[in-house]
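A.B. asks: Dropping in coords_39.tsv, with TSV, C-alpha atoms.
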```tsv
chain	number	residue	atom	x	y	z
A	1	MET	CA	182.69	83.66	-57.16
A	2	THR	CA	183.39	83.60	-53.42
A	3	LEU	CA	180.22	83.94	-51.39
A	4	GLN	CA	180.39	85.70	-48.03
A	5	LEU	CA	178.31	88.36	-46.37
A	6	ALA	CA	179.87	91.80	-46.42
A	7	ALA	CA	182.01	92.28	-43.30
A	8	GLU	CA	179.54	94.65	-41.66
A	9	HIS	CA	176.70	92.13	-42.06
A	10	THR	CA	178.17	89.02	-40.45
A	11	ARG	CA	175.83	88.64	-37.48
A	12	ALA	CA	174.43	85.16	-36.93
A	13	MET	CA	171.04	85.30	-38.64
A	14	ARG	CA	167.97	83.97	-36.85
A	15	LEU	CA	165.31	84.77	-39.46
A	16	ALA	CA	165.27	84.74	-43.26
A	17	VAL	CA	162.44	86.69	-44.93
A	18	LEU	CA	162.24	85.33	-48.46
A	19	ASP	CA	160.27	86.86	-51.31
A	20	MET	CA	158.22	84.44	-53.38
A	21	ASN	CA	157.68	85.37	-57.05
A	22	GLY	CA	161.05	85.81	-58.74
A	23	THR	CA	163.05	84.69	-55.71
A	24	THR	CA	161.78	81.31	-54.54
A	25	VAL	CA	159.04	80.85	-57.16
A	26	THR	CA	158.88	81.40	-60.91
A	27	ASP	CA	155.71	81.73	-62.99
A	28	GLY	CA	156.97	82.20	-66.55
A	29	GLY	CA	155.39	85.64	-66.80
A	30	ALA	CA	151.91	84.50	-65.73
A	31	ALA	CA	151.48	87.39	-63.28
A	32	GLU	CA	152.20	89.91	-66.01
A	33	ARG	CA	149.68	88.22	-68.32
A	34	ALA	CA	147.09	88.34	-65.53
A	35	VAL	CA	147.76	92.06	-65.05
A	36	GLU	CA	147.18	92.60	-68.78
A	37	GLN	CA	143.91	90.65	-68.64
A	38	ALA	CA	142.74	92.64	-65.64
A	39	LEU	CA	143.50	95.99	-67.23
A	40	ALA	CA	141.92	95.04	-70.56
A	41	SER	CA	138.78	93.83	-68.78
A	42	CYS	CA	138.38	97.34	-67.35
A	43	GLY	CA	138.70	99.04	-70.71
A	44	VAL	CA	142.41	99.88	-70.72
A	45	THR	CA	143.65	99.53	-74.30
A	46	GLY	CA	146.21	100.86	-76.76
A	47	GLN	CA	148.94	103.16	-75.51
A	48	ARG	CA	147.31	103.45	-72.11
A	49	LEU	CA	147.60	99.66	-71.72
A	50	ALA	CA	151.21	99.68	-72.89
A	51	ASP	CA	152.04	102.44	-70.41
A	52	ALA	CA	150.29	100.59	-67.58
A	53	LEU	CA	152.17	97.36	-68.33
A	54	ALA	CA	155.45	99.28	-68.37
A	55	ARG	CA	154.52	100.70	-64.98
A	56	SER	CA	153.74	97.17	-63.79
A	57	ARG	CA	157.18	95.96	-64.82
A	58	ARG	CA	158.85	98.94	-63.11
A	59	SER	CA	156.90	98.26	-59.93
A	60	ALA	CA	157.85	94.58	-59.66
A	61	GLY	CA	157.63	93.46	-56.06
A	62	LEU	CA	154.83	95.83	-55.13
A	63	ASP	CA	151.26	94.91	-54.27
A	64	ARG	CA	149.30	94.58	-57.52
A	65	SER	CA	146.34	96.33	-55.87
A	66	ALA	CA	148.57	99.37	-55.47
A	67	LEU	CA	149.37	99.24	-59.18
A	68	PHE	CA	145.69	99.22	-60.12
A	69	ALA	CA	145.03	102.09	-57.70
A	70	GLN	CA	147.69	104.11	-59.56
A	71	VAL	CA	146.33	103.26	-63.01
A	72	PHE	CA	142.74	104.07	-61.97
A	73	ALA	CA	143.66	107.01	-59.76
A	74	ASP	CA	140.21	108.61	-59.92
A	75	ASP	CA	138.15	105.45	-60.21
A	76	GLY	CA	138.28	103.28	-57.11
A	77	GLU	CA	135.65	100.85	-58.37
A	78	SER	CA	137.61	100.08	-61.53
A	79	ALA	CA	140.76	99.61	-59.45
A	80	ARG	CA	138.97	97.12	-57.21
A	81	ALA	CA	137.43	95.34	-60.20
A	82	ALA	CA	140.84	95.03	-61.85
A	83	ALA	CA	142.30	93.60	-58.64
A	84	ARG	CA	139.54	90.99	-58.48
A	85	THR	CA	140.01	90.07	-62.15
A	86	PHE	CA	143.77	89.80	-61.68
A	87	SER	CA	143.33	87.48	-58.71
A	88	ALA	CA	140.90	85.22	-60.58
A	89	ALA	CA	143.03	85.11	-63.73
A	90	TYR	CA	146.24	84.41	-61.85
A	91	ASP	CA	144.62	81.76	-59.67
A	92	ALA	CA	143.46	80.00	-62.85
A	93	MET	CA	147.00	80.08	-64.23
A	94	ILE	CA	148.35	78.69	-60.97
A	95	ALA	CA	145.81	75.86	-61.12
A	96	GLU	CA	147.01	75.10	-64.67
A	97	GLY	CA	150.60	74.69	-63.44
A	98	ALA	CA	152.09	78.13	-64.11
A	99	VAL	CA	154.18	78.26	-60.95
A	100	GLU	CA	157.33	76.29	-60.23
A	101	PRO	CA	159.98	76.55	-57.50
A	102	VAL	CA	163.22	78.28	-58.36
A	103	ALA	CA	165.92	75.62	-58.51
A	104	GLY	CA	167.25	74.97	-55.03
A	105	ALA	CA	164.61	77.04	-53.23
A	106	GLU	CA	163.04	74.23	-51.26
A	107	GLU	CA	166.42	72.80	-50.33
A	108	THR	CA	167.54	76.25	-49.14
A	109	VAL	CA	164.53	76.57	-46.84
A	110	HIS	CA	165.25	73.15	-45.36
A	111	THR	CA	168.92	74.05	-44.85
A	112	LEU	CA	168.05	77.32	-43.15
A	113	ARG	CA	165.64	75.69	-40.74
A	114	GLU	CA	168.00	72.80	-40.01
A	115	ARG	CA	170.63	75.37	-39.02
A	116	GLY	CA	168.29	77.19	-36.66
A	117	VAL	CA	167.17	80.02	-38.95
A	118	LYS	CA	163.42	80.60	-39.04
A	119	VAL	CA	161.93	81.26	-42.48
A	120	CYS	CA	159.08	83.53	-43.56
A	121	LEU	CA	157.82	83.56	-47.16
A	122	VAL	CA	156.42	86.94	-48.23
A	123	THR	CA	154.55	88.22	-51.26
A	124	GLY	CA	152.83	91.27	-52.69
A	125	PHE	CA	149.94	89.08	-53.82
A	126	GLY	CA	146.82	88.62	-51.70
A	127	ARG	CA	146.38	85.88	-49.13
A	128	HIS	CA	144.21	83.68	-51.35
A	129	THR	CA	146.76	83.85	-54.18
A	130	GLN	CA	149.64	83.18	-51.82
A	131	ASN	CA	147.88	80.12	-50.45
A	132	SER	CA	147.13	78.94	-53.99
A	133	ILE	CA	150.84	79.10	-54.84
A	134	LEU	CA	151.86	77.32	-51.64
A	135	GLU	CA	149.29	74.59	-52.22
A	136	ALA	CA	150.26	74.16	-55.89
A	137	LEU	CA	153.90	73.66	-54.90
A	138	GLY	CA	153.14	71.47	-51.90
A	139	TRP	CA	154.74	74.13	-49.71
A	140	MET	CA	152.12	74.44	-46.99
A	141	GLY	CA	154.19	74.11	-43.82
A	142	LEU	CA	157.52	74.42	-45.63
A	143	ALA	CA	158.35	77.68	-43.86
A	144	ASP	CA	157.70	78.80	-40.30
A	145	LEU	CA	155.41	81.60	-41.52
A	146	SER	CA	153.95	83.11	-44.69
A	147	LEU	CA	152.81	86.71	-44.96
A	148	CYS	CA	151.21	88.93	-47.59
A	149	SER	CA	150.75	92.69	-47.64
A	150	GLU	CA	147.27	92.57	-46.16
A	151	ASP	CA	148.56	90.57	-43.19
A	152	ALA	CA	151.04	93.29	-42.29
A	153	GLY	CA	149.17	96.49	-43.17
A	154	ARG	CA	151.35	97.87	-45.95
A	155	GLY	CA	153.18	96.19	-48.79
A	156	ARG	CA	156.74	96.74	-49.98
A	157	PRO	CA	158.75	98.94	-50.01
A	158	SER	CA	157.39	99.54	-46.50
A	159	PRO	CA	159.04	97.39	-43.83
A	160	ASP	CA	155.78	96.05	-42.40
A	161	MET	CA	156.03	92.42	-43.55
A	162	VAL	CA	159.57	92.09	-42.22
A	163	LEU	CA	158.65	93.63	-38.88
A	164	THR	CA	155.48	91.54	-38.63
A	165	ALA	CA	157.59	88.40	-39.14
A	166	VAL	CA	160.03	89.58	-36.43
A	167	LEU	CA	157.20	89.97	-33.95
A	168	ALA	CA	155.32	86.81	-34.94
A	169	LEU	CA	158.43	84.61	-34.76
A	170	ASP	CA	159.79	86.18	-31.55
A	171	ILE	CA	163.05	87.51	-32.99
A	172	GLU	CA	164.67	89.77	-30.42
A	173	ASP	CA	166.85	91.88	-32.73
A	174	VAL	CA	165.91	92.85	-36.28
A	175	ARG	CA	169.62	92.96	-37.10
A	176	ASP	CA	169.48	89.15	-36.92
A	177	VAL	CA	167.25	89.11	-40.02
A	178	VAL	CA	168.29	88.57	-43.64
A	179	VAL	CA	165.80	89.74	-46.28
A	180	VAL	CA	166.12	88.20	-49.75
A	181	GLY	CA	164.41	89.30	-52.95
A	182	ASP	CA	164.73	90.03	-56.66
A	183	THR	CA	163.47	93.64	-56.73
A	184	GLU	CA	164.40	97.09	-55.51
A	185	ALA	CA	161.23	97.02	-53.41
A	186	ASP	CA	162.44	93.89	-51.58
A	187	ILE	CA	165.77	95.55	-50.83
A	188	ALA	CA	164.11	98.77	-49.69
A	189	SER	CA	161.78	96.85	-47.39
A	190	GLY	CA	164.73	95.09	-45.78
A	191	LEU	CA	166.76	98.26	-45.34
A	192	ARG	CA	163.83	100.22	-43.92
A	193	SER	CA	163.15	97.47	-41.39
A	194	GLY	CA	166.71	97.63	-40.06
A	195	ALA	CA	167.45	94.03	-41.11
A	196	GLY	CA	171.06	92.93	-40.81
A	197	ALA	CA	171.30	92.10	-44.52
A	198	ALA	CA	169.23	92.76	-47.65
A	199	VAL	CA	170.33	90.28	-50.30
A	200	GLY	CA	169.39	90.52	-53.97
A	201	VAL	CA	168.98	87.53	-56.28
A	202	LEU	CA	169.25	87.52	-60.08
A	203	THR	CA	166.44	85.07	-60.89
A	204	GLY	CA	163.71	87.69	-61.17
A	205	ALA	CA	162.88	91.18	-62.26
A	206	GLN	CA	166.01	93.27	-61.86
A	207	THR	CA	169.72	93.34	-62.59
A	208	GLU	CA	172.67	93.27	-60.24
A	209	ALA	CA	173.34	96.94	-60.95
A	210	GLU	CA	169.75	97.87	-60.08
A	211	LEU	CA	169.79	95.81	-56.88
A	212	ARG	CA	173.11	97.27	-55.75
A	213	ALA	CA	171.90	100.78	-56.56
A	214	ALA	CA	168.91	100.09	-54.33
A	215	GLY	CA	171.33	99.34	-51.48
A	216	ALA	CA	171.58	95.55	-51.52
A	217	THR	CA	174.19	94.45	-48.99
A	218	ASP	CA	174.96	91.42	-51.19
A	219	VAL	CA	173.81	90.03	-54.55
A	220	VAL	CA	173.86	86.31	-55.43
A	221	ARG	CA	172.80	84.41	-58.51
A	222	SER	CA	169.88	82.64	-56.86
A	223	ILE	CA	168.30	81.63	-53.58
A	224	ALA	CA	170.29	78.39	-53.85
A	225	ASP	CA	173.42	80.45	-53.05
A	226	LEU	CA	172.07	81.83	-49.76
A	227	PRO	CA	173.39	79.06	-47.46
A	228	ALA	CA	176.92	79.47	-48.85
A	229	LEU	CA	176.62	83.23	-48.34
A	230	LEU	CA	175.59	82.82	-44.71
A	231	TRP	CA	177.98	79.94	-43.89
A	232	PRO	CA	181.06	80.09	-46.14
A	233	GLU	CA	183.40	77.12	-45.92
A	234	PRO	CA	186.47	77.83	-43.76
A	235	ALA	CA	188.84	77.15	-46.64
A	236	GLY	CA	186.92	79.48	-48.95
A	237	PHE	CA	183.90	78.08	-50.76
A	238	ARG	CA	184.08	78.45	-54.52
A	239	GLN	CA	180.75	78.43	-56.37
A	240	SER	CA	181.16	76.58	-59.68
```
Would it be possible to restate this file's structure as structure tokens?
C.D. replies:
Amino acid sequence: MTLQLAAEHTRAMRLAVLDMNGTTVTDGGAAERAVEQALASCGVTGQRLADALARSRRSAGLDRSALFAQVFADDGESARAAARTFSAAYDAMIAEGAVEPVAGAEETVHTLRERGVKVCLVTGFGRHTQNSILEALGWMGLADLSLCSEDAGRGRPSPDMVLTAVLALDIEDVRDVVVVGDTEADIASGLRSGAGAAVGVLTGAQTEAELRAAGATDVVRSIADLPALLWPEPAGFRQS
């Protein structure tokens, strides 16, 4: 397919806000297993557990703490306990090698920065978990900035992480930002921030139809296709 930003989104980008899990990082379902462990540890079983896991899958891209707050709507202590258990379980899986980079992700970050585009890696996980992933991949310092929900105030689909990155990295116009992610929440966050482009990738939770229905300005197969989307070859780049 020919890769090129939609005509109305062809501004020269100065910042790329890239989601982590499902977009630049893959964990083989470890996060979902950690959610199941956390819920079971707080007494969620049977159909209630199945319903909660279905909700977790539907809410891909959102802060897991928000998920637990929904499941334990009238029990804040259980919600907090589940969040702590999730963090510990997922950190253990990360330490055991659960996370890997999506093919081409690291190269894409290098290409973006070499071409003058600043990069911010964002996640719905907590700061400790985000750092654990970055350390496991040897990605500390790979990007210009990394942010999690707690750094910005609110998680996706709110625009806070995108806008925090704009301010922290001294971007003058939010229209010079491209937001990239694998979920409807990523796309919504980009659109609500006023970013120039909200690009969906197909390496994670949701389909092209779902991402386009959410308002994605473009959809590509993976993060590895982002440079060709931003800088198509003059003669017409064809992705094999």
A.B. asks: May I ask which of the residues A:Ala79, A:Leu145, A:Ala69, A:Leu39 is the closest one to Thr123 in chain A, counting all atoms listed in the file?
C.D. replies: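 With all atoms listed in the file as the atom set, the closest residue is A:Leu145.
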A.B. asks: Leaving out Val179 in chain A and any residue of its chain fewer than 4 positions from it, which residues lie within 7 Å of it when counting all atoms listed in the file, given as a JSON list (two decimals) with C-alpha atoms, in the coordinates of the input?
C.D. replies:
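Resulting contents of out.json:
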```json
[["chain", "number", "residue", "atom", "x", "y", "z"],
["A", 16, "ALA", "CA", 165.27, 84.74, -43.26],
["A", 17, "VAL", "CA", 162.44, 86.69, -44.93],
["A", 18, "LEU", "CA", 162.24, 85.33, -48.46],
["A", 190, "GLY", "CA", 164.73, 95.09, -45.78],
["A", 195, "ALA", "CA", 167.45, 94.03, -41.11],
["A", 197, "ALA", "CA", 171.30, 92.10, -44.52],
["A", 198, "ALA", "CA", 169.23, 92.76, -47.65],
["A", 199, "VAL", "CA", 170.33, 90.28, -50.30]]
```
A.B. asks: Quick one: residues within 10 Å of Val166 in chain A, all atoms listed in the file, excluding same-chain residues fewer than 3 positions away - as a VMD selection string?
C.D. replies: chain A and resid 14 to 17 118 120 160 to 163 169 to 174 176 to 177 193 195
A.B. asks: Just the residues within 8 Å of range 219-226 of chain A, please, counting all atoms listed in the file, with nothing from its chain fewer than 4 positions along; format it as a list of chain:residue names.
C.D. replies: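 Final neighbour list, sorted by chain and number: A:Leu3, A:Thr23, A:Thr24, A:Val102, A:Ala103, A:Gly104, A:Ala105, A:Glu107, A:Thr108, A:Val180, A:Val199, A:Gly200, A:Val201, A:Leu202, A:Thr203, A:Glu208, A:Leu211, A:Arg212, A:Leu230.
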A.B. asks: From the list A:Ala34, A:Ser56, A:Ala209, A:Asp74, which residue is nearest Ala88 in chain A when using all atoms listed in the file?
C.D. replies: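 Checking each of A:Ala34, A:Ser56, A:Ala209, A:Asp74 against Ala88 in chain A, counting all atoms listed in the file, the winner is A:Ala34.
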A.B. asks: Which of these, A:Val25, A:Ala54, A:Val71, A:Leu191, has the shortest distance to Glu106 in chain A once you count all atoms listed in the file?
C.D. replies: A:Val25
A.B. asks: Return the single residue from A:Gln37, A:Thr183, A:Ser146, A:Gln206 that is closest to Val122 in chain A, with distances computed using only C-alpha atoms.
C.D. replies: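 Checking each of A:Gln37, A:Thr183, A:Ser146, A:Gln206 against Val122 in chain A, counting only C-alpha atoms, the winner is A:Ser146.
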A.B. asks: Have a look at A:Val117, A:Ala52, A:Leu167, A:Phe125 and name the one nearest to Trp231 in chain A; count all atoms listed in the file.
C.D. replies: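 Ranking A:Val117, A:Ala52, A:Leu167, A:Phe125 by distance to Trp231 in chain A, first place goes to A:Val117.
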A.B. asks: Could you name the residues that touch Leu142 in chain A at 9 Å or less, counting all atoms listed in the file, but leaving out those on the same chain fewer than 4 positions away, as a PyMOL selection string?
C.D. replies: chain A and resi 106+109-110+119+134+138
A.B. asks: Residues near range 94-99 of chain A, anyone? I mean within 9 Å using all atoms listed in the file, not counting same-chain ones fewer than 5 positions away, as a ChimeraX atom specification.
C.D. replies: /A:21,25-30,89,129,132-133,136-137
